[in-house]
file model_32.cif (mmCIF, C-alpha atoms)
data_model
#
loop_
_atom_site.group_PDB
_atom_site.id
_atom_site.type_symbol
_atom_site.label_atom_id
_atom_site.label_comp_id
_atom_site.auth_asym_id
_atom_site.auth_seq_id
_atom_site.Cartn_x
_atom_site.Cartn_y
_atom_site.Cartn_z
ATOM 1 C CA MET A 1 -37.797 -21.376 -27.254
ATOM 2 C CA VAL A 2 -38.081 -20.775 -23.500
ATOM 3 C CA PHE A 3 -41.569 -19.637 -22.523
ATOM 4 C CA GLU A 4 -40.882 -17.569 -19.419
ATOM 5 C CA PRO A 5 -44.034 -16.052 -17.907
ATOM 6 C CA PRO A 6 -44.026 -12.239 -17.897
ATOM 7 C CA GLU A 7 -43.190 -10.627 -14.579
ATOM 8 C CA ARG A 8 -46.530 -8.813 -14.582
ATOM 9 C CA LEU A 9 -48.319 -12.162 -14.788
ATOM 10 C CA VAL A 10 -46.269 -13.701 -11.980
ATOM 11 C CA ARG A 11 -46.883 -10.684 -9.754
ATOM 12 C CA ALA A 12 -50.614 -10.570 -10.477
ATOM 13 C CA LEU A 13 -51.131 -14.277 -9.766
ATOM 14 C CA GLY A 14 -49.205 -13.859 -6.521
ATOM 15 C CA GLU A 15 -51.837 -11.356 -5.365
ATOM 16 C CA GLN A 16 -54.707 -13.798 -5.858
ATOM 17 C CA PRO A 17 -56.063 -16.566 -3.620
ATOM 18 C CA ASP A 18 -54.984 -20.170 -4.270
ATOM 19 C CA THR A 19 -51.338 -19.169 -4.571
ATOM 20 C CA ALA A 20 -50.178 -22.788 -4.579
ATOM 21 C CA GLN A 21 -52.425 -23.624 -7.546
ATOM 22 C CA HIS A 22 -51.083 -20.657 -9.500
ATOM 23 C CA GLU A 23 -47.482 -21.525 -8.678
ATOM 24 C CA ASP A 24 -48.080 -25.044 -9.962
ATOM 25 C CA TRP A 25 -49.554 -23.684 -13.205
ATOM 26 C CA LEU A 26 -46.628 -21.297 -13.680
ATOM 27 C CA ALA A 27 -44.188 -24.157 -13.160
ATOM 28 C CA ARG A 28 -45.965 -26.235 -15.813
ATOM 29 C CA LEU A 29 -46.450 -23.323 -18.216
ATOM 30 C CA PRO A 30 -43.443 -23.976 -20.517
ATOM 31 C CA GLY A 31 -44.604 -27.551 -21.090
ATOM 32 C CA LEU A 32 -48.222 -26.498 -21.541
ATOM 33 C CA ALA A 33 -47.140 -23.971 -24.161
ATOM 34 C CA GLU A 34 -45.105 -26.531 -26.110
ATOM 35 C CA GLU A 35 -48.012 -28.992 -26.116
ATOM 36 C CA ALA A 36 -50.535 -26.348 -27.207
ATOM 37 C CA LEU A 37 -48.300 -25.241 -30.078
ATOM 38 C CA ALA A 38 -47.811 -28.822 -31.274
ATOM 39 C CA ARG A 39 -51.544 -29.619 -31.164
ATOM 40 C CA ARG A 40 -52.346 -26.640 -33.365
ATOM 41 C CA GLY A 41 -49.434 -27.016 -35.748
ATOM 42 C CA VAL A 42 -48.144 -23.470 -35.296
ATOM 43 C CA GLN A 43 -44.616 -22.202 -34.713
ATOM 44 C CA ALA A 44 -43.712 -19.769 -31.953
ATOM 45 C CA GLN A 45 -42.033 -16.493 -32.860
ATOM 46 C CA ARG A 46 -41.794 -14.747 -29.510
ATOM 47 C CA VAL A 47 -43.575 -14.166 -26.239
ATOM 48 C CA GLN A 48 -45.514 -10.925 -26.222
ATOM 49 C CA ALA A 49 -43.824 -8.431 -23.914
ATOM 50 C CA PRO A 50 -44.337 -6.883 -21.465
ATOM 51 C CA GLY A 51 -47.374 -9.139 -21.425
ATOM 52 C CA GLY A 52 -50.545 -8.956 -19.401
ATOM 53 C CA ARG A 53 -51.579 -9.620 -15.826
ATOM 54 C CA SER A 54 -53.788 -12.607 -16.630
ATOM 55 C CA SER A 55 -52.162 -14.729 -19.344
ATOM 56 C CA LEU A 56 -49.140 -15.661 -21.441
ATOM 57 C CA VAL A 57 -49.487 -14.667 -25.101
ATOM 58 C CA ILE A 58 -47.174 -16.175 -27.715
ATOM 59 C CA LEU A 59 -47.013 -14.673 -31.206
ATOM 60 C CA VAL A 60 -47.064 -17.572 -33.684
ATOM 61 C CA ARG A 61 -47.270 -18.410 -37.387
ATOM 62 C CA PHE A 62 -49.008 -21.156 -39.346
ATOM 63 C CA PRO A 63 -46.878 -23.147 -41.814
ATOM 64 C CA ASP A 64 -48.135 -20.910 -44.659
ATOM 65 C CA GLY A 65 -46.897 -17.821 -42.822
ATOM 66 C CA THR A 66 -50.271 -16.614 -41.529
ATOM 67 C CA PRO A 67 -49.735 -14.809 -38.207
ATOM 68 C CA ALA A 68 -51.742 -15.662 -35.092
ATOM 69 C CA ALA A 69 -51.519 -15.489 -31.301
ATOM 70 C CA LEU A 70 -51.707 -18.302 -28.754
ATOM 71 C CA LYS A 71 -53.061 -17.341 -25.338
ATOM 72 C CA LEU A 72 -52.637 -19.456 -22.199
ATOM 73 C CA ALA A 73 -54.375 -18.532 -18.954
ATOM 74 C CA PRO A 74 -54.641 -20.363 -15.629
ATOM 75 C CA PRO A 75 -57.765 -22.487 -15.084
ATOM 76 C CA GLY A 76 -59.028 -20.038 -12.465
ATOM 77 C CA ALA A 77 -59.339 -17.408 -15.176
ATOM 78 C CA ARG A 78 -61.916 -19.663 -16.889
ATOM 79 C CA PRO A 79 -60.480 -19.685 -20.424
ATOM 80 C CA ASP A 80 -63.371 -21.983 -21.322
ATOM 81 C CA ARG A 81 -65.781 -19.093 -20.760
ATOM 82 C CA GLU A 82 -63.608 -16.747 -22.802
ATOM 83 C CA LEU A 83 -63.622 -19.289 -25.625
ATOM 84 C CA ALA A 84 -67.410 -19.602 -25.438
ATOM 85 C CA ALA A 85 -67.889 -15.831 -25.557
ATOM 86 C CA LEU A 86 -65.476 -15.312 -28.446
ATOM 87 C CA ALA A 87 -67.107 -18.150 -30.373
ATOM 88 C CA HIS A 88 -70.535 -16.594 -29.818
ATOM 89 C CA TRP A 89 -69.399 -13.155 -30.996
ATOM 90 C CA GLY A 90 -67.846 -14.767 -34.062
ATOM 91 C CA GLY A 91 -65.340 -11.976 -34.604
ATOM 92 C CA PHE A 92 -67.996 -9.240 -34.550
ATOM 93 C CA GLY A 93 -66.417 -6.527 -32.411
ATOM 94 C CA ALA A 94 -63.971 -9.000 -30.869
ATOM 95 C CA VAL A 95 -60.837 -10.920 -31.772
ATOM 96 C CA ARG A 96 -61.604 -14.015 -33.849
ATOM 97 C CA LEU A 97 -60.998 -17.589 -32.686
ATOM 98 C CA LEU A 98 -59.007 -19.598 -35.232
ATOM 99 C CA ASP A 99 -59.313 -23.076 -33.705
ATOM 100 C CA THR A 100 -61.923 -24.531 -31.346
ATOM 101 C CA ARG A 101 -60.991 -28.225 -31.607
ATOM 102 C CA HIS A 102 -58.989 -28.461 -28.386
ATOM 103 C CA GLU A 103 -60.023 -28.185 -24.738
ATOM 104 C CA ASP A 104 -56.632 -27.604 -23.151
ATOM 105 C CA GLY A 105 -57.264 -24.060 -21.920
ATOM 106 C CA ALA A 106 -55.283 -22.421 -24.736
ATOM 107 C CA LEU A 107 -56.848 -20.070 -27.286
ATOM 108 C CA LEU A 108 -55.577 -19.638 -30.846
ATOM 109 C CA LEU A 109 -56.542 -16.146 -31.966
ATOM 110 C CA GLU A 110 -56.136 -13.888 -34.954
ATOM 111 C CA ARG A 111 -53.115 -11.592 -34.659
ATOM 112 C CA LEU A 112 -53.941 -8.021 -33.750
ATOM 113 C CA GLN A 113 -51.505 -5.186 -33.016
ATOM 114 C CA PRO A 114 -50.805 -5.544 -29.283
ATOM 115 C CA GLU A 115 -48.799 -2.336 -29.165
ATOM 116 C CA VAL A 116 -51.672 -0.224 -30.560
ATOM 117 C CA SER A 117 -54.719 0.099 -28.303
ATOM 118 C CA LEU A 118 -57.326 2.824 -27.902
ATOM 119 C CA ARG A 119 -55.070 4.330 -25.246
ATOM 120 C CA SER A 120 -52.868 5.537 -28.123
ATOM 121 C CA LEU A 121 -55.657 7.880 -29.265
ATOM 122 C CA PRO A 122 -56.691 11.251 -27.828
ATOM 123 C CA GLU A 123 -59.220 10.772 -25.045
ATOM 124 C CA ALA A 124 -62.309 11.998 -26.892
ATOM 125 C CA LYS A 125 -61.571 9.854 -29.949
ATOM 126 C CA ALA A 126 -60.759 6.836 -27.762
ATOM 127 C CA LEU A 127 -64.096 7.053 -25.951
ATOM 128 C CA LEU A 128 -65.957 7.355 -29.248
ATOM 129 C CA GLU A 129 -64.270 4.251 -30.655
ATOM 130 C CA ALA A 130 -64.721 2.372 -27.369
ATOM 131 C CA SER A 131 -68.448 3.096 -27.383
ATOM 132 C CA GLY A 132 -68.798 1.806 -30.921
ATOM 133 C CA THR A 133 -66.867 -1.351 -30.093
ATOM 134 C CA ILE A 134 -68.631 -2.326 -26.882
ATOM 135 C CA ARG A 135 -72.017 -1.783 -28.477
ATOM 136 C CA ARG A 136 -71.298 -4.674 -30.875
ATOM 137 C CA LEU A 137 -70.682 -7.095 -28.003
ATOM 138 C CA TRP A 138 -74.027 -6.611 -26.274
ATOM 139 C CA VAL A 139 -76.011 -9.496 -27.713
ATOM 140 C CA ALA A 140 -78.251 -12.174 -26.253
ATOM 141 C CA PRO A 141 -76.170 -14.991 -24.698
ATOM 142 C CA PRO A 142 -76.279 -18.458 -26.272
ATOM 143 C CA ALA A 143 -78.976 -20.856 -25.101
ATOM 144 C CA GLY A 144 -77.882 -22.994 -22.176
ATOM 145 C CA HIS A 145 -74.827 -20.840 -21.520
ATOM 146 C CA GLY A 146 -72.583 -21.407 -18.528
ATOM 147 C CA PHE A 147 -71.680 -17.767 -17.832
ATOM 148 C CA GLU A 148 -72.114 -16.338 -14.354
ATOM 149 C CA SER A 149 -74.412 -13.370 -13.880
ATOM 150 C CA VAL A 150 -73.583 -9.870 -12.727
ATOM 151 C CA ALA A 151 -75.478 -10.624 -9.513
ATOM 152 C CA GLU A 152 -73.394 -13.750 -8.879
ATOM 153 C CA ARG A 153 -70.055 -12.074 -9.597
ATOM 154 C CA THR A 154 -70.768 -9.003 -7.504
ATOM 155 C CA GLU A 155 -72.132 -11.089 -4.626
ATOM 156 C CA ARG A 156 -68.819 -12.944 -4.545
ATOM 157 C CA GLN A 157 -66.888 -9.680 -4.702
ATOM 158 C CA SER A 158 -68.941 -8.196 -1.878
ATOM 159 C CA ALA A 159 -66.975 -10.186 0.698
ATOM 160 C CA GLY A 160 -63.999 -7.879 0.178
ATOM 161 C CA LEU A 161 -66.127 -4.799 0.787
ATOM 162 C CA LYS A 162 -67.576 -6.212 3.996
ATOM 163 C CA ALA A 163 -64.014 -6.633 5.309
ATOM 164 C CA ALA A 164 -63.012 -3.025 4.544
ATOM 165 C CA PRO A 165 -60.836 -1.138 7.064
ATOM 166 C CA ALA A 166 -62.760 0.952 9.568
ATOM 167 C CA GLU A 167 -61.960 4.257 7.853
ATOM 168 C CA LEU A 168 -63.445 2.952 4.595
ATOM 169 C CA LEU A 169 -66.539 1.236 5.971
ATOM 170 C CA ALA A 170 -68.859 4.126 5.068
ATOM 171 C CA LEU A 171 -67.767 4.160 1.422
ATOM 172 C CA ALA A 172 -67.855 0.359 1.238
ATOM 173 C CA GLY A 173 -71.315 0.369 2.814
ATOM 174 C CA THR A 174 -72.592 2.805 0.185
ATOM 175 C CA ALA A 175 -71.177 0.590 -2.558
ATOM 176 C CA LEU A 176 -72.822 -2.507 -1.087
ATOM 177 C CA GLU A 177 -76.198 -0.799 -0.781
ATOM 178 C CA LEU A 178 -76.027 0.318 -4.401
ATOM 179 C CA ARG A 179 -75.006 -3.167 -5.503
ATOM 180 C CA ASP A 180 -77.993 -4.749 -3.737
ATOM 181 C CA GLU A 181 -80.418 -2.268 -5.299
ATOM 182 C CA LEU A 182 -78.984 -2.637 -8.786
ATOM 183 C CA ALA A 183 -78.719 -6.436 -8.715
ATOM 184 C CA ALA A 184 -82.305 -6.775 -7.499
ATOM 185 C CA ALA A 185 -83.708 -4.894 -10.482
ATOM 186 C CA ALA A 186 -81.540 -5.796 -13.474
ATOM 187 C CA PRO A 187 -83.297 -4.540 -16.636
ATOM 188 C CA GLU A 188 -81.708 -6.901 -19.178
ATOM 189 C CA GLU A 189 -79.607 -10.015 -19.665
ATOM 190 C CA LEU A 190 -76.993 -9.587 -22.358
ATOM 191 C CA LEU A 191 -73.595 -11.133 -22.918
ATOM 192 C CA LEU A 192 -71.022 -8.710 -21.495
ATOM 193 C CA HIS A 193 -67.264 -8.340 -21.887
ATOM 194 C CA GLY A 194 -66.810 -8.042 -18.138
ATOM 195 C CA ASN A 195 -63.515 -6.108 -18.130
ATOM 196 C CA PHE A 196 -63.936 -3.606 -20.955
ATOM 197 C CA ARG A 197 -61.566 -0.645 -21.103
ATOM 198 C CA GLN A 198 -59.480 1.203 -23.666
ATOM 199 C CA GLY A 199 -56.460 -1.071 -23.227
ATOM 200 C CA LYS A 200 -58.611 -4.083 -24.161
ATOM 201 C CA VAL A 201 -59.362 -2.699 -27.643
ATOM 202 C CA LEU A 202 -56.557 -3.316 -30.148
ATOM 203 C CA ALA A 203 -55.975 -2.312 -33.748
ATOM 204 C CA GLY A 204 -56.693 -5.006 -36.329
ATOM 205 C CA GLU A 205 -56.627 -5.539 -40.079
ATOM 206 C CA ARG A 206 -60.132 -6.773 -40.893
ATOM 207 C CA ALA A 207 -61.591 -4.095 -38.573
ATOM 208 C CA PRO A 208 -59.990 -0.941 -37.187
ATOM 209 C CA TRP A 209 -60.581 -1.924 -33.545
ATOM 210 C CA LEU A 210 -61.353 -5.267 -31.902
ATOM 211 C CA THR A 211 -61.702 -6.144 -28.247
ATOM 212 C CA VAL A 212 -59.667 -8.814 -26.450
ATOM 213 C CA GLY A 213 -59.461 -10.403 -23.013
ATOM 214 C CA PRO A 214 -63.104 -10.735 -21.984
ATOM 215 C CA GLU A 215 -64.109 -11.971 -18.553
ATOM 216 C CA PRO A 216 -67.607 -12.751 -19.824
ATOM 217 C CA LEU A 217 -70.799 -12.750 -17.817
ATOM 218 C CA VAL A 218 -74.449 -11.918 -18.432
ATOM 219 C CA GLY A 219 -76.311 -8.877 -17.216
ATOM 220 C CA GLU A 220 -76.957 -5.235 -17.999
ATOM 221 C CA ARG A 221 -75.003 -2.832 -20.152
ATOM 222 C CA ALA A 222 -74.451 -0.360 -17.303
ATOM 223 C CA TYR A 223 -72.261 -2.881 -15.471
ATOM 224 C CA ASP A 224 -70.119 -3.468 -18.557
ATOM 225 C CA LEU A 225 -69.682 0.242 -19.218
ATOM 226 C CA ALA A 226 -68.683 1.029 -15.626
ATOM 227 C CA ARG A 227 -65.014 0.041 -15.997
ATOM 228 C CA LEU A 228 -64.622 2.339 -19.000
ATOM 229 C CA VAL A 229 -65.802 5.330 -16.961
ATOM 230 C CA ARG A 230 -62.633 5.353 -14.882
ATOM 231 C CA ASP A 231 -60.188 4.794 -17.739
ATOM 232 C CA ARG A 232 -57.063 7.008 -17.622
ATOM 233 C CA LEU A 233 -57.779 7.445 -13.927
ATOM 234 C CA GLU A 234 -54.593 9.299 -13.057
ATOM 235 C CA ASP A 235 -55.401 11.953 -15.651
ATOM 236 C CA GLN A 236 -58.917 12.310 -14.306
ATOM 237 C CA VAL A 237 -57.776 12.685 -10.707
ATOM 238 C CA ALA A 238 -55.030 15.139 -11.712
ATOM 239 C CA SER A 239 -57.425 17.362 -13.665
ATOM 240 C CA SER A 240 -59.121 20.367 -12.128
ATOM 241 C CA ALA A 241 -62.585 19.007 -12.969
ATOM 242 C CA GLY A 242 -62.746 16.723 -9.919
ATOM 243 C CA PRO A 243 -66.156 15.325 -8.907
ATOM 244 C CA ALA A 244 -68.013 17.396 -11.500
ATOM 245 C CA GLY A 245 -65.802 15.993 -14.253
ATOM 246 C CA ALA A 246 -66.377 12.410 -13.088
ATOM 247 C CA ARG A 247 -70.146 12.880 -13.095
ATOM 248 C CA ARG A 248 -70.041 14.509 -16.541
ATOM 249 C CA ARG A 249 -68.094 11.513 -17.819
ATOM 250 C CA VAL A 250 -70.730 9.133 -16.448
ATOM 251 C CA ASN A 251 -73.520 11.123 -18.052
ATOM 252 C CA ARG A 252 -71.746 11.454 -21.408
ATOM 253 C CA LEU A 253 -71.050 7.733 -21.704
ATOM 254 C CA ALA A 254 -74.534 6.799 -20.488
ATOM 255 C CA ASP A 255 -76.211 9.088 -22.989
ATOM 256 C CA SER A 256 -74.014 7.962 -25.894
ATOM 257 C CA LEU A 257 -75.091 4.331 -25.393
ATOM 258 C CA ASP A 258 -78.639 4.869 -24.122
ATOM 259 C CA VAL A 259 -77.798 3.572 -20.630
ATOM 260 C CA ASP A 260 -79.503 4.808 -17.458
ATOM 261 C CA ARG A 261 -77.272 7.432 -15.827
ATOM 262 C CA ASP A 262 -78.024 6.432 -12.238
ATOM 263 C CA ARG A 263 -77.410 2.750 -12.875
ATOM 264 C CA LEU A 264 -74.098 3.516 -14.565
ATOM 265 C CA ARG A 265 -73.055 5.770 -11.689
ATOM 266 C CA GLY A 266 -73.966 3.066 -9.170
ATOM 267 C CA TRP A 267 -72.088 0.267 -10.901
ATOM 268 C CA THR A 268 -69.109 2.560 -11.491
ATOM 269 C CA LEU A 269 -68.946 3.362 -7.781
ATOM 270 C CA PHE A 270 -69.261 -0.286 -6.749
ATOM 271 C CA ARG A 271 -66.605 -1.472 -9.179
ATOM 272 C CA ALA A 272 -64.196 1.320 -8.220
ATOM 273 C CA VAL A 273 -64.559 0.564 -4.497
ATOM 274 C CA GLU A 274 -64.177 -3.182 -5.063
ATOM 275 C CA SER A 275 -61.047 -2.653 -7.168
ATOM 276 C CA GLY A 276 -59.673 -0.115 -4.704
ATOM 277 C CA LEU A 277 -60.026 -2.422 -1.711
ATOM 278 C CA ARG A 278 -58.534 -5.313 -3.662
ATOM 279 C CA ALA A 279 -55.552 -3.125 -4.601
ATOM 280 C CA LEU A 280 -55.159 -2.109 -0.972
ATOM 281 C CA ALA A 281 -55.122 -5.734 0.165
ATOM 282 C CA ALA A 282 -52.440 -6.493 -2.458
ATOM 283 C CA GLY A 283 -50.236 -3.644 -1.242
ATOM 284 C CA ARG A 284 -50.808 -1.413 -4.273
ATOM 285 C CA ARG A 285 -51.537 1.637 -2.143
ATOM 286 C CA ARG A 286 -51.239 4.276 -4.884
ATOM 287 C CA ASP A 287 -53.717 2.439 -7.117
ATOM 288 C CA SER A 288 -56.041 2.034 -4.163
ATOM 289 C CA GLU A 289 -55.949 5.717 -3.258
ATOM 290 C CA LEU A 290 -56.789 6.776 -6.804
ATOM 291 C CA LEU A 291 -59.683 4.335 -7.125
ATOM 292 C CA LEU A 292 -61.217 5.186 -3.765
ATOM 293 C CA GLU A 293 -60.874 8.933 -4.347
ATOM 294 C CA PHE A 294 -62.628 8.532 -7.688
ATOM 295 C CA ALA A 295 -65.380 6.442 -6.077
ATOM 296 C CA ALA A 296 -65.939 9.119 -3.423
ATOM 297 C CA TRP A 297 -66.519 11.693 -6.177
ATOM 298 C CA LEU A 298 -69.502 9.716 -7.441
#

call {"tool": "encode", "arguments": {"input": "model_32.cif", "output": "structure tokens"}}
result
Amino acid sequence: MVFEPPERLVRALGEQPDTAQHEDWLARLPGLAEEALARRGVQAQRVQAPGGRSSLVILVRFPDGTPAALKLAPPGARPDRELAALAHWGGFGAVRLLDTRHEDGALLLERLQPEVSLRSLPEAKALLEASGTIRRLWVAPPAGHGFESVAERTERQSAGLKAAPAELLALAGTALELRDELAAAAPEELLLHGNFRQGKVLAGERAPWLTVGPEPLVGERAYDLARLVRDRLEDQVASSAGPAGARRRVNRLADSLDVDRDRLRGWTLFRAVESGLRALAAGRRRDSELLLEFAAWL
């Protein structure tokens, strides 16, 4: 089988720094996939399509016919941290690891239903299920963990906001001020998913919904919930509710999970501005406009 990387993955890696490193990984990916399959004694069925923006996922089977999925991500994505987080959750609220014997950057996971995510549900039902799922992930991190903190990640991301175009400096400045205030007074240190949204919650067999694709870090729940606030962004921007609707969404999610409303609003604004400026730098102008308009509503 030829393990061609999905176009979405190639395009996404091309937007990131260290392009040469990513090109080298993409060139070696077919061989890496073959080696990872052989080490685990599983047989490839097909590459998951259209695939994601951060990894290659191959649907596989064990010799006894048990289905599974093999995920390969570039070293910069820190698959070692994803493995550590999934191992710590132990399948509670998240996809289950099936093999932890190898340190080659590949993850052997239980097979979920990649074509059925929470985005297939009506919005109200999707948010209810998302809230129940993310709640299960918020646990104390393992002793001696190597995860970065919310403060560390957002400090690194702040460089992009400081380089914002002149017409966006005021919005970027507001986001940076909020980030500094929030990071200086973090109320808790829990293990977080880091990139939680409806599309990261897939249908399973042993549980109705399980999360995948964490970018784990430690910090407060409000940061982890912030990405979910702007889910289905085009629908939110197209609705007549506008800023009032965005604020109601913040308050509804905060109240449903006992999270401080102001802290959730602040992290939502920061993350939307950071994502919007990153999209702008990558040439994804439409995405950028939606994210920055949403941020301005908050």

call {"tool": "resolve_selection", "arguments": {"input": "model_32.cif", "expression": "the PyMOL selection byres ((chain A and resi 76) around 12)", "output": "PyMOL selection string"}}
result
chain A and resi 13+16-19+21-22+25+54-55+72-75+77-82+105+215

call {"tool": "residues_around", "arguments": {"input": "model_32.cif", "residues": "stretch 147-153 of chain A", "least_positions_apart": "2", "cutoff": "9 Å", "atoms": "all atoms listed in the file", "output": "VMD selection string"}}
result
chain A and resid 81 84 to 85 141 145 155 to 158 179 to 180 182 to 184 186 189 191 194 216 to 220 223

call {"tool": "residues_around", "arguments": {"input": "model_32.cif", "residues": "stretch 159-165 of chain A", "least_positions_apart": "6", "cutoff": "12 Å", "atoms": "all atoms listed in the file", "output": "list in words"}}
result
Arg153, Leu171, Ala172, Gly173, Thr174, Ala175, Leu176, Glu177, Arg179, Phe270, Arg271, Ala272, Val273, Glu274, Ser275, Gly276, Leu277, Arg278, Ala279, Leu280, Ala281, Ala282 and Leu292 of chain A

call {"tool": "closest_residue", "arguments": {"input": "model_32.cif", "among": "A:Gly242, A:Gly41, A:Pro214, A:Gly283", "to": "A:Leu86", "atoms": "all atoms listed in the file"}}
result
A:Pro214

call {"tool": "atom_distance", "arguments": {"input": "model_32.cif", "atom1": "atom CA of A:Val116", "atom2": "atom CA of A:Val95"}}
result
14.1 Å

call {"tool": "atom_distance", "arguments": {"input": "model_32.cif", "atom1": "atom CA of A:Leu127", "atom2": "atom CA of A:Leu59"}}
result
28.1 Å

call {"tool": "decode", "arguments": {"input": "model_32.cif", "residues": "stretch 203-269 of chain A", "atoms": "C-alpha atoms", "output": "PDB file, in the first residue's frame"}}
result
ATOM      1  CA  ALA A 203     -18.598   8.211  17.966  1.00  0.00           C
ATOM      2  CA  GLY A 204     -17.329   4.998  19.548  1.00  0.00           C
ATOM      3  CA  GLU A 205     -18.566   1.564  20.560  1.00  0.00           C
ATOM      4  CA  ARG A 206     -17.593   1.283  24.228  1.00  0.00           C
ATOM      5  CA  ALA A 207     -18.813   4.868  24.805  1.00  0.00           C
ATOM      6  CA  PRO A 208     -21.096   7.035  22.678  1.00  0.00           C
ATOM      7  CA  TRP A 209     -18.525   9.833  22.299  1.00  0.00           C
ATOM      8  CA  LEU A 210     -14.756   9.914  22.803  1.00  0.00           C
ATOM      9  CA  THR A 211     -12.290  12.704  22.181  1.00  0.00           C
ATOM     10  CA  VAL A 212      -9.246  12.447  19.908  1.00  0.00           C
ATOM     11  CA  GLY A 213      -6.287  14.574  18.862  1.00  0.00           C
ATOM     12  CA  PRO A 214      -5.267  16.302  22.090  1.00  0.00           C
ATOM     13  CA  GLU A 215      -2.539  18.921  22.183  1.00  0.00           C
ATOM     14  CA  PRO A 216      -2.178  18.456  25.939  1.00  0.00           C
ATOM     15  CA  LEU A 217      -1.041  21.038  28.442  1.00  0.00           C
ATOM     16  CA  VAL A 218      -1.802  21.905  32.056  1.00  0.00           C
ATOM     17  CA  GLY A 219      -3.818  24.834  33.302  1.00  0.00           C
ATOM     18  CA  GLU A 220      -7.361  26.008  33.898  1.00  0.00           C
ATOM     19  CA  ARG A 221     -10.612  24.740  32.464  1.00  0.00           C
ATOM     20  CA  ALA A 222     -11.551  28.125  30.981  1.00  0.00           C
ATOM     21  CA  TYR A 223      -8.633  27.922  28.540  1.00  0.00           C
ATOM     22  CA  ASP A 224      -9.667  24.451  27.383  1.00  0.00           C
ATOM     23  CA  LEU A 225     -13.292  25.460  26.902  1.00  0.00           C
ATOM     24  CA  ALA A 226     -12.428  28.582  24.896  1.00  0.00           C
ATOM     25  CA  ARG A 227     -11.978  26.804  21.547  1.00  0.00           C
ATOM     26  CA  LEU A 228     -15.412  25.200  21.853  1.00  0.00           C
ATOM     27  CA  VAL A 229     -17.056  28.615  22.221  1.00  0.00           C
ATOM     28  CA  ARG A 230     -16.354  29.508  18.604  1.00  0.00           C
ATOM     29  CA  ASP A 231     -17.329  26.160  17.091  1.00  0.00           C
ATOM     30  CA  ARG A 232     -19.463  26.404  13.917  1.00  0.00           C
ATOM     31  CA  LEU A 233     -18.120  29.927  13.549  1.00  0.00           C
ATOM     32  CA  GLU A 234     -19.595  30.627  10.132  1.00  0.00           C
ATOM     33  CA  ASP A 235     -23.074  29.864  11.450  1.00  0.00           C
ATOM     34  CA  GLN A 236     -22.531  32.137  14.424  1.00  0.00           C
ATOM     35  CA  VAL A 237     -21.308  35.038  12.307  1.00  0.00           C
ATOM     36  CA  ALA A 238     -24.138  34.546   9.791  1.00  0.00           C
ATOM     37  CA  SER A 239     -26.830  34.568  12.482  1.00  0.00           C
ATOM     38  CA  SER A 240     -28.680  37.706  13.483  1.00  0.00           C
ATOM     39  CA  ALA A 241     -27.610  37.332  17.126  1.00  0.00           C
ATOM     40  CA  GLY A 242     -24.185  38.917  16.584  1.00  0.00           C
ATOM     41  CA  PRO A 243     -22.243  40.080  19.664  1.00  0.00           C
ATOM     42  CA  ALA A 244     -25.129  39.342  22.027  1.00  0.00           C
ATOM     43  CA  GLY A 245     -25.292  35.762  20.764  1.00  0.00           C
ATOM     44  CA  ALA A 246     -21.540  35.275  21.229  1.00  0.00           C
ATOM     45  CA  ARG A 247     -21.695  36.526  24.812  1.00  0.00           C
ATOM     46  CA  ARG A 248     -24.716  34.322  25.560  1.00  0.00           C
ATOM     47  CA  ARG A 249     -22.774  31.337  24.247  1.00  0.00           C
ATOM     48  CA  VAL A 250     -19.852  32.143  26.550  1.00  0.00           C
ATOM     49  CA  ASN A 251     -22.152  32.463  29.538  1.00  0.00           C
ATOM     50  CA  ARG A 252     -24.097  29.284  28.747  1.00  0.00           C
ATOM     51  CA  LEU A 253     -20.976  27.146  28.408  1.00  0.00           C
ATOM     52  CA  ALA A 254     -19.348  28.713  31.472  1.00  0.00           C
ATOM     53  CA  ASP A 255     -22.400  28.102  33.622  1.00  0.00           C
ATOM     54  CA  SER A 256     -22.876  24.524  32.396  1.00  0.00           C
ATOM     55  CA  LEU A 257     -19.349  23.592  33.529  1.00  0.00           C
ATOM     56  CA  ASP A 258     -18.998  25.893  36.542  1.00  0.00           C
ATOM     57  CA  VAL A 259     -16.319  28.025  34.853  1.00  0.00           C
ATOM     58  CA  ASP A 260     -15.853  31.744  35.524  1.00  0.00           C
ATOM     59  CA  ARG A 261     -17.598  33.702  32.760  1.00  0.00           C
ATOM     60  CA  ASP A 262     -15.025  36.491  32.551  1.00  0.00           C
ATOM     61  CA  ARG A 263     -12.089  34.107  32.382  1.00  0.00           C
ATOM     62  CA  LEU A 264     -13.771  32.110  29.627  1.00  0.00           C
ATOM     63  CA  ARG A 265     -14.538  35.282  27.680  1.00  0.00           C
ATOM     64  CA  GLY A 266     -10.928  36.433  28.033  1.00  0.00           C
ATOM     65  CA  TRP A 267      -9.363  33.175  26.898  1.00  0.00           C
ATOM     66  CA  THR A 268     -11.876  32.896  24.055  1.00  0.00           C
ATOM     67  CA  LEU A 269     -10.913  36.356  22.816  1.00  0.00           C
TER      68      LEU A 269
END
